[in-house]
file my_file.pdb (PDB, N, CA and C atoms, pLDDT in the B column)
ATOM      1  N   MET A1114     -79.337  29.852 -81.693  1.00 60.00           N
ATOM      2  CA  MET A1114     -78.372  30.854 -82.084  1.00 60.00           C
ATOM      3  C   MET A1114     -78.251  30.812 -83.606  1.00 60.00           C
ATOM      4  N   SER A1115     -78.180  31.959 -84.210  1.00 65.00           N
ATOM      5  CA  SER A1115     -78.112  32.014 -85.674  1.00 65.00           C
ATOM      6  C   SER A1115     -76.711  31.648 -86.137  1.00 65.00           C
ATOM      7  N   ALA A1116     -76.606  31.319 -87.411  1.00 60.00           N
ATOM      8  CA  ALA A1116     -75.324  30.925 -87.998  1.00 60.00           C
ATOM      9  C   ALA A1116     -74.323  32.064 -87.934  1.00 60.00           C
ATOM     10  N   ASP A1117     -74.775  33.315 -88.076  1.00 57.00           N
ATOM     11  CA  ASP A1117     -73.870  34.464 -88.016  1.00 57.00           C
ATOM     12  C   ASP A1117     -73.244  34.596 -86.623  1.00 57.00           C
ATOM     13  N   LYS A1118     -74.040  34.417 -85.596  1.00 67.00           N
ATOM     14  CA  LYS A1118     -73.528  34.538 -84.230  1.00 67.00           C
ATOM     15  C   LYS A1118     -72.591  33.383 -83.893  1.00 67.00           C
ATOM     16  N   ARG A1119     -72.904  32.197 -84.346  1.00 67.00           N
ATOM     17  CA  ARG A1119     -72.053  31.036 -84.077  1.00 67.00           C
ATOM     18  C   ARG A1119     -70.725  31.162 -84.793  1.00 67.00           C
ATOM     19  N   ALA A1120     -70.684  31.811 -85.921  1.00 68.00           N
ATOM     20  CA  ALA A1120     -69.451  31.951 -86.687  1.00 68.00           C
ATOM     21  C   ALA A1120     -68.418  32.762 -85.897  1.00 68.00           C
ATOM     22  N   GLY A1121     -68.856  33.681 -85.046  1.00 80.00           N
ATOM     23  CA  GLY A1121     -67.935  34.485 -84.262  1.00 80.00           C
ATOM     24  C   GLY A1121     -67.421  33.779 -83.015  1.00 80.00           C
ATOM     25  N   VAL A1122     -68.015  32.651 -82.669  1.00 89.00           N
ATOM     26  CA  VAL A1122     -67.613  31.905 -81.485  1.00 89.00           C
ATOM     27  C   VAL A1122     -66.669  30.793 -81.918  1.00 89.00           C
ATOM     28  N   THR A1123     -65.406  30.975 -81.541  1.00 93.00           N
ATOM     29  CA  THR A1123     -64.401  29.976 -81.910  1.00 93.00           C
ATOM     30  C   THR A1123     -64.025  29.145 -80.689  1.00 93.00           C
ATOM     31  N   ASN A1124     -63.357  28.034 -80.953  1.00 94.00           N
ATOM     32  CA  ASN A1124     -62.872  27.210 -79.840  1.00 94.00           C
ATOM     33  C   ASN A1124     -61.900  27.997 -78.977  1.00 94.00           C
ATOM     34  N   GLU A1125     -61.098  28.848 -79.622  1.00 95.00           N
ATOM     35  CA  GLU A1125     -60.143  29.659 -78.872  1.00 95.00           C
ATOM     36  C   GLU A1125     -60.864  30.623 -77.933  1.00 95.00           C
ATOM     37  N   LEU A1126     -61.920  31.249 -78.406  1.00 95.00           N
ATOM     38  CA  LEU A1126     -62.700  32.163 -77.574  1.00 95.00           C
ATOM     39  C   LEU A1126     -63.321  31.413 -76.392  1.00 95.00           C
ATOM     40  N   ILE A1127     -63.864  30.255 -76.669  1.00 96.00           N
ATOM     41  CA  ILE A1127     -64.453  29.437 -75.598  1.00 96.00           C
ATOM     42  C   ILE A1127     -63.375  29.051 -74.591  1.00 96.00           C
ATOM     43  N   PHE A1128     -62.199  28.625 -75.083  1.00 97.00           N
ATOM     44  CA  PHE A1128     -61.103  28.228 -74.213  1.00 97.00           C
ATOM     45  C   PHE A1128     -60.644  29.396 -73.344  1.00 97.00           C
ATOM     46  N   GLU A1129     -60.472  30.567 -73.912  1.00 97.00           N
ATOM     47  CA  GLU A1129     -60.047  31.746 -73.161  1.00 97.00           C
ATOM     48  C   GLU A1129     -61.087  32.125 -72.103  1.00 97.00           C
ATOM     49  N   THR A1130     -62.346  32.027 -72.468  1.00 97.00           N
ATOM     50  CA  THR A1130     -63.415  32.327 -71.515  1.00 97.00           C
ATOM     51  C   THR A1130     -63.395  31.338 -70.358  1.00 97.00           C
ATOM     52  N   LEU A1131     -63.216  30.073 -70.654  1.00 98.00           N
ATOM     53  CA  LEU A1131     -63.158  29.056 -69.600  1.00 98.00           C
ATOM     54  C   LEU A1131     -61.941  29.250 -68.707  1.00 98.00           C
ATOM     55  N   LYS A1132     -60.805  29.644 -69.292  1.00 98.00           N
ATOM     56  CA  LYS A1132     -59.613  29.922 -68.485  1.00 98.00           C
ATOM     57  C   LYS A1132     -59.864  31.098 -67.542  1.00 98.00           C
ATOM     58  N   ALA A1133     -60.530  32.128 -68.027  1.00 98.00           N
ATOM     59  CA  ALA A1133     -60.843  33.289 -67.185  1.00 98.00           C
ATOM     60  C   ALA A1133     -61.776  32.887 -66.048  1.00 98.00           C
ATOM     61  N   ILE A1134     -62.766  32.059 -66.346  1.00 98.00           N
ATOM     62  CA  ILE A1134     -63.693  31.581 -65.322  1.00 98.00           C
ATOM     63  C   ILE A1134     -62.947  30.747 -64.287  1.00 98.00           C
ATOM     64  N   GLN A1135     -62.052  29.893 -64.755  1.00 98.00           N
ATOM     65  CA  GLN A1135     -61.274  29.051 -63.843  1.00 98.00           C
ATOM     66  C   GLN A1135     -60.399  29.908 -62.929  1.00 98.00           C
ATOM     67  N   ALA A1136     -59.762  30.931 -63.477  1.00 98.00           N
ATOM     68  CA  ALA A1136     -58.922  31.818 -62.663  1.00 98.00           C
ATOM     69  C   ALA A1136     -59.771  32.540 -61.612  1.00 98.00           C
ATOM     70  N   MET A1137     -60.958  32.957 -62.003  1.00 98.00           N
ATOM     71  CA  MET A1137     -61.848  33.629 -61.066  1.00 98.00           C
ATOM     72  C   MET A1137     -62.258  32.676 -59.939  1.00 98.00           C
ATOM     73  N   LEU A1138     -62.536  31.434 -60.277  1.00 98.00           N
ATOM     74  CA  LEU A1138     -62.912  30.450 -59.260  1.00 98.00           C
ATOM     75  C   LEU A1138     -61.764  30.200 -58.284  1.00 98.00           C
ATOM     76  N   VAL A1139     -60.529  30.189 -58.794  1.00 98.00           N
ATOM     77  CA  VAL A1139     -59.367  30.008 -57.925  1.00 98.00           C
ATOM     78  C   VAL A1139     -59.273  31.180 -56.952  1.00 98.00           C
ATOM     79  N   ARG A1140     -59.435  32.403 -57.459  1.00 98.00           N
ATOM     80  CA  ARG A1140     -59.385  33.585 -56.586  1.00 98.00           C
ATOM     81  C   ARG A1140     -60.491  33.526 -55.539  1.00 98.00           C
ATOM     82  N   HIS A1141     -61.681  33.148 -55.950  1.00 98.00           N
ATOM     83  CA  HIS A1141     -62.794  33.052 -54.998  1.00 98.00           C
ATOM     84  C   HIS A1141     -62.522  31.972 -53.955  1.00 98.00           C
ATOM     85  N   GLY A1142     -61.929  30.873 -54.380  1.00 98.00           N
ATOM     86  CA  GLY A1142     -61.572  29.812 -53.437  1.00 98.00           C
ATOM     87  C   GLY A1142     -60.555  30.298 -52.416  1.00 98.00           C
ATOM     88  N   ASP A1143     -59.549  31.047 -52.890  1.00 98.00           N
ATOM     89  CA  ASP A1143     -58.551  31.613 -51.980  1.00 98.00           C
ATOM     90  C   ASP A1143     -59.209  32.572 -51.001  1.00 98.00           C
ATOM     91  N   ASP A1144     -60.090  33.428 -51.514  1.00 98.00           N
ATOM     92  CA  ASP A1144     -60.801  34.375 -50.649  1.00 98.00           C
ATOM     93  C   ASP A1144     -61.635  33.641 -49.609  1.00 98.00           C
ATOM     94  N   LEU A1145     -62.308  32.588 -50.031  1.00 98.00           N
ATOM     95  CA  LEU A1145     -63.149  31.823 -49.109  1.00 98.00           C
ATOM     96  C   LEU A1145     -62.312  31.176 -48.012  1.00 98.00           C
ATOM     97  N   ARG A1146     -61.138  30.634 -48.378  1.00 98.00           N
ATOM     98  CA  ARG A1146     -60.249  30.047 -47.365  1.00 98.00           C
ATOM     99  C   ARG A1146     -59.818  31.099 -46.351  1.00 98.00           C
ATOM    100  N   GLU A1147     -59.458  32.294 -46.837  1.00 98.00           N
ATOM    101  CA  GLU A1147     -59.046  33.360 -45.940  1.00 98.00           C
ATOM    102  C   GLU A1147     -60.188  33.769 -45.009  1.00 98.00           C
ATOM    103  N   ILE A1148     -61.381  33.871 -45.555  1.00 98.00           N
ATOM    104  CA  ILE A1148     -62.550  34.246 -44.744  1.00 98.00           C
ATOM    105  C   ILE A1148     -62.808  33.190 -43.671  1.00 98.00           C
ATOM    106  N   LYS A1149     -62.688  31.923 -44.032  1.00 98.00           N
ATOM    107  CA  LYS A1149     -62.904  30.851 -43.050  1.00 98.00           C
ATOM    108  C   LYS A1149     -61.854  30.901 -41.949  1.00 98.00           C
ATOM    109  N   GLU A1150     -60.602  31.164 -42.324  1.00 98.00           N
ATOM    110  CA  GLU A1150     -59.545  31.265 -41.320  1.00 98.00           C
ATOM    111  C   GLU A1150     -59.825  32.422 -40.366  1.00 98.00           C
ATOM    112  N   ARG A1151     -60.187  33.557 -40.924  1.00 98.00           N
ATOM    113  CA  ARG A1151     -60.450  34.726 -40.089  1.00 98.00           C
ATOM    114  C   ARG A1151     -61.666  34.502 -39.199  1.00 98.00           C
ATOM    115  N   LEU A1152     -62.690  33.820 -39.725  1.00 98.00           N
ATOM    116  CA  LEU A1152     -63.874  33.503 -38.925  1.00 98.00           C
ATOM    117  C   LEU A1152     -63.496  32.575 -37.773  1.00 98.00           C
ATOM    118  N   GLY A1153     -62.631  31.612 -38.047  1.00 98.00           N
ATOM    119  CA  GLY A1153     -62.176  30.707 -36.992  1.00 98.00           C
ATOM    120  C   GLY A1153     -61.459  31.450 -35.882  1.00 98.00           C
ATOM    121  N   ILE A1154     -60.631  32.420 -36.263  1.00 98.00           N
ATOM    122  CA  ILE A1154     -59.926  33.233 -35.271  1.00 98.00           C
ATOM    123  C   ILE A1154     -60.931  34.030 -34.440  1.00 98.00           C
ATOM    124  N   LEU A1155     -61.919  34.631 -35.108  1.00 98.00           N
ATOM    125  CA  LEU A1155     -62.942  35.397 -34.389  1.00 98.00           C
ATOM    126  C   LEU A1155     -63.722  34.502 -33.428  1.00 98.00           C
ATOM    127  N   GLU A1156     -64.033  33.279 -33.859  1.00 98.00           N
ATOM    128  CA  GLU A1156     -64.759  32.357 -32.981  1.00 98.00           C
ATOM    129  C   GLU A1156     -63.936  32.029 -31.743  1.00 98.00           C
ATOM    130  N   MET A1157     -62.624  31.818 -31.916  1.00 98.00           N
ATOM    131  CA  MET A1157     -61.768  31.525 -30.764  1.00 98.00           C
ATOM    132  C   MET A1157     -61.697  32.721 -29.827  1.00 98.00           C
ATOM    133  N   GLN A1158     -61.578  33.921 -30.387  1.00 98.00           N
ATOM    134  CA  GLN A1158     -61.536  35.124 -29.557  1.00 98.00           C
ATOM    135  C   GLN A1158     -62.850  35.304 -28.806  1.00 98.00           C
ATOM    136  N   TYR A1159     -63.964  35.048 -29.476  1.00 98.00           N
ATOM    137  CA  TYR A1159     -65.270  35.159 -28.821  1.00 98.00           C
ATOM    138  C   TYR A1159     -65.373  34.160 -27.665  1.00 98.00           C
ATOM    139  N   ALA A1160     -64.929  32.938 -27.890  1.00 98.00           N
ATOM    140  CA  ALA A1160     -64.990  31.920 -26.835  1.00 98.00           C
ATOM    141  C   ALA A1160     -64.129  32.332 -25.645  1.00 98.00           C
ATOM    142  N   SER A1161     -62.960  32.889 -25.943  1.00 98.00           N
ATOM    143  CA  SER A1161     -62.077  33.343 -24.867  1.00 98.00           C
ATOM    144  C   SER A1161     -62.723  34.472 -24.063  1.00 98.00           C
ATOM    145  N   LEU A1162     -63.297  35.437 -24.754  1.00 98.00           N
ATOM    146  CA  LEU A1162     -63.979  36.539 -24.065  1.00 98.00           C
ATOM    147  C   LEU A1162     -65.176  36.040 -23.267  1.00 98.00           C
ATOM    148  N   SER A1163     -65.899  35.099 -23.824  1.00 97.00           N
ATOM    149  CA  SER A1163     -67.059  34.546 -23.133  1.00 97.00           C
ATOM    150  C   SER A1163     -66.635  33.873 -21.832  1.00 97.00           C
ATOM    151  N   ARG A1164     -65.531  33.108 -21.879  1.00 98.00           N
ATOM    152  CA  ARG A1164     -65.028  32.465 -20.653  1.00 98.00           C
ATOM    153  C   ARG A1164     -64.604  33.508 -19.624  1.00 98.00           C
ATOM    154  N   ARG A1165     -63.945  34.563 -20.094  1.00 98.00           N
ATOM    155  CA  ARG A1165     -63.505  35.621 -19.174  1.00 98.00           C
ATOM    156  C   ARG A1165     -64.708  36.311 -18.532  1.00 98.00           C
ATOM    157  N   ILE A1166     -65.728  36.579 -19.306  1.00 98.00           N
ATOM    158  CA  ILE A1166     -66.937  37.214 -18.771  1.00 98.00           C
ATOM    159  C   ILE A1166     -67.604  36.301 -17.755  1.00 98.00           C
ATOM    160  N   ASP A1167     -67.648  35.000 -18.063  1.00 97.00           N
ATOM    161  CA  ASP A1167     -68.234  34.049 -17.112  1.00 97.00           C
ATOM    162  C   ASP A1167     -67.475  34.074 -15.782  1.00 97.00           C
ATOM    163  N   LYS A1168     -66.148  34.120 -15.850  1.00 98.00           N
ATOM    164  CA  LYS A1168     -65.350  34.164 -14.620  1.00 98.00           C
ATOM    165  C   LYS A1168     -65.615  35.452 -13.843  1.00 98.00           C
ATOM    166  N   ILE A1169     -65.710  36.560 -14.556  1.00 97.00           N
ATOM    167  CA  ILE A1169     -65.997  37.837 -13.905  1.00 97.00           C
ATOM    168  C   ILE A1169     -67.363  37.788 -13.231  1.00 97.00           C
ATOM    169  N   GLU A1170     -68.352  37.211 -13.917  1.00 94.00           N
ATOM    170  CA  GLU A1170     -69.686  37.089 -13.329  1.00 94.00           C
ATOM    171  C   GLU A1170     -69.644  36.261 -12.053  1.00 94.00           C
ATOM    172  N   GLU A1171     -68.871  35.174 -12.072  1.00 95.00           N
ATOM    173  CA  GLU A1171     -68.753  34.337 -10.877  1.00 95.00           C
ATOM    174  C   GLU A1171     -68.116  35.124  -9.732  1.00 95.00           C
ATOM    175  N   ARG A1172     -67.084  35.899 -10.063  1.00 95.00           N
ATOM    176  CA  ARG A1172     -66.422  36.700  -9.027  1.00 95.00           C
ATOM    177  C   ARG A1172     -67.375  37.749  -8.463  1.00 95.00           C
ATOM    178  N   VAL A1173     -68.133  38.400  -9.327  1.00 91.00           N
ATOM    179  CA  VAL A1173     -69.090  39.413  -8.869  1.00 91.00           C
ATOM    180  C   VAL A1173     -70.135  38.768  -7.967  1.00 91.00           C
ATOM    181  N   GLU A1174     -70.615  37.588  -8.322  1.00 90.00           N
ATOM    182  CA  GLU A1174     -71.602  36.891  -7.497  1.00 90.00           C
ATOM    183  C   GLU A1174     -71.028  36.575  -6.117  1.00 90.00           C
ATOM    184  N   ARG A1175     -69.770  36.119  -6.094  1.00 92.00           N
ATOM    185  CA  ARG A1175     -69.141  35.822  -4.789  1.00 92.00           C
ATOM    186  C   ARG A1175     -68.990  37.089  -3.959  1.00 92.00           C
ATOM    187  N   ILE A1176     -68.593  38.169  -4.619  1.00 92.00           N
ATOM    188  CA  ILE A1176     -68.451  39.450  -3.910  1.00 92.00           C
ATOM    189  C   ILE A1176     -69.796  39.904  -3.360  1.00 92.00           C
ATOM    190  N   GLU A1177     -70.831  39.785  -4.171  1.00 90.00           N
ATOM    191  CA  GLU A1177     -72.176  40.175  -3.724  1.00 90.00           C
ATOM    192  C   GLU A1177     -72.608  39.345  -2.525  1.00 90.00           C
ATOM    193  N   LEU A1178     -72.343  38.055  -2.576  1.00 91.00           N
ATOM    194  CA  LEU A1178     -72.701  37.199  -1.443  1.00 91.00           C
ATOM    195  C   LEU A1178     -71.959  37.617  -0.174  1.00 91.00           C
ATOM    196  N   ARG A1179     -70.679  37.901  -0.308  1.00 91.00           N
ATOM    197  CA  ARG A1179     -69.886  38.323   0.851  1.00 91.00           C
ATOM    198  C   ARG A1179     -70.407  39.658   1.409  1.00 91.00           C
ATOM    199  N   LEU A1180     -70.709  40.575   0.550  1.00 90.00           N
ATOM    200  CA  LEU A1180     -71.197  41.865   1.010  1.00 90.00           C
ATOM    201  C   LEU A1180     -72.538  41.733   1.718  1.00 90.00           C
ATOM    202  N   GLU A1181     -73.373  40.853   1.192  1.00 83.00           N
ATOM    203  CA  GLU A1181     -74.670  40.640   1.863  1.00 83.00           C
ATOM    204  C   GLU A1181     -74.470  40.018   3.239  1.00 83.00           C
ATOM    205  N   LEU A1182     -73.502  39.115   3.369  1.00 70.00           N
ATOM    206  CA  LEU A1182     -73.231  38.486   4.661  1.00 70.00           C
ATOM    207  C   LEU A1182     -72.647  39.509   5.638  1.00 70.00           C
ATOM    208  N   VAL A1183     -71.752  40.334   5.149  1.00 58.00           N
ATOM    209  CA  VAL A1183     -71.136  41.345   6.015  1.00 58.00           C
ATOM    210  C   VAL A1183     -72.171  42.394   6.398  1.00 58.00           C
ATOM    211  N   GLY A1184     -72.985  42.837   5.449  1.00 51.00           N
ATOM    212  CA  GLY A1184     -73.965  43.879   5.715  1.00 51.00           C
ATOM    213  C   GLY A1184     -75.192  43.374   6.452  1.00 51.00           C
ATOM    214  N   GLY A1185     -75.480  42.083   6.408  1.00 44.00           N
ATOM    215  CA  GLY A1185     -76.740  41.595   6.927  1.00 44.00           C
ATOM    216  C   GLY A1185     -76.647  41.013   8.250  1.00 44.00           C
TER
END
call {"tool": "encode", "arguments": {"input": "my_file.pdb", "output": "structure tokens"}}
result
Amino acid sequence: MSADKRAGVTNELIFETLKAIQAMLVRHGDDLREIKERLGILEMQYASLSRRIDKIEERVERIELRLELVGG
């Protein structure tokens, strides 16, 4: 970097830039926590639906077996 360009870069400018970067990282961290929480909720809902579908499949299989016995 040339001497002219370095002359415009002060400790205050560097400090302000680092503070802005730090604030952005905090916001991103908050966003990431929220995304993880929401993903966890979706995973629980998916597991619940999966269990319900499994139960329905079991009931349908039992019904099919009964109908085959009655019809056969």
call {"tool": "atom_distance", "arguments": {"input": "my_file.pdb", "atom1": "atom N of Lys1149 (chain A)", "atom2": "atom N of Thr1130 (chain A)"}}
result
28.4 Å
call {"tool": "atom_distance", "arguments": {"input": "my_file.pdb", "atom1": "CA of Arg1175 (chain A)", "atom2": "CA of Glu1156 (chain A)"}}
result
28.7 Å
call {"tool": "atom_distance", "arguments": {"input": "my_file.pdb", "atom1": "CA of Leu1162 (chain A)", "atom2": "CA of Asp1144 (chain A)"}}
result
26.9 Å
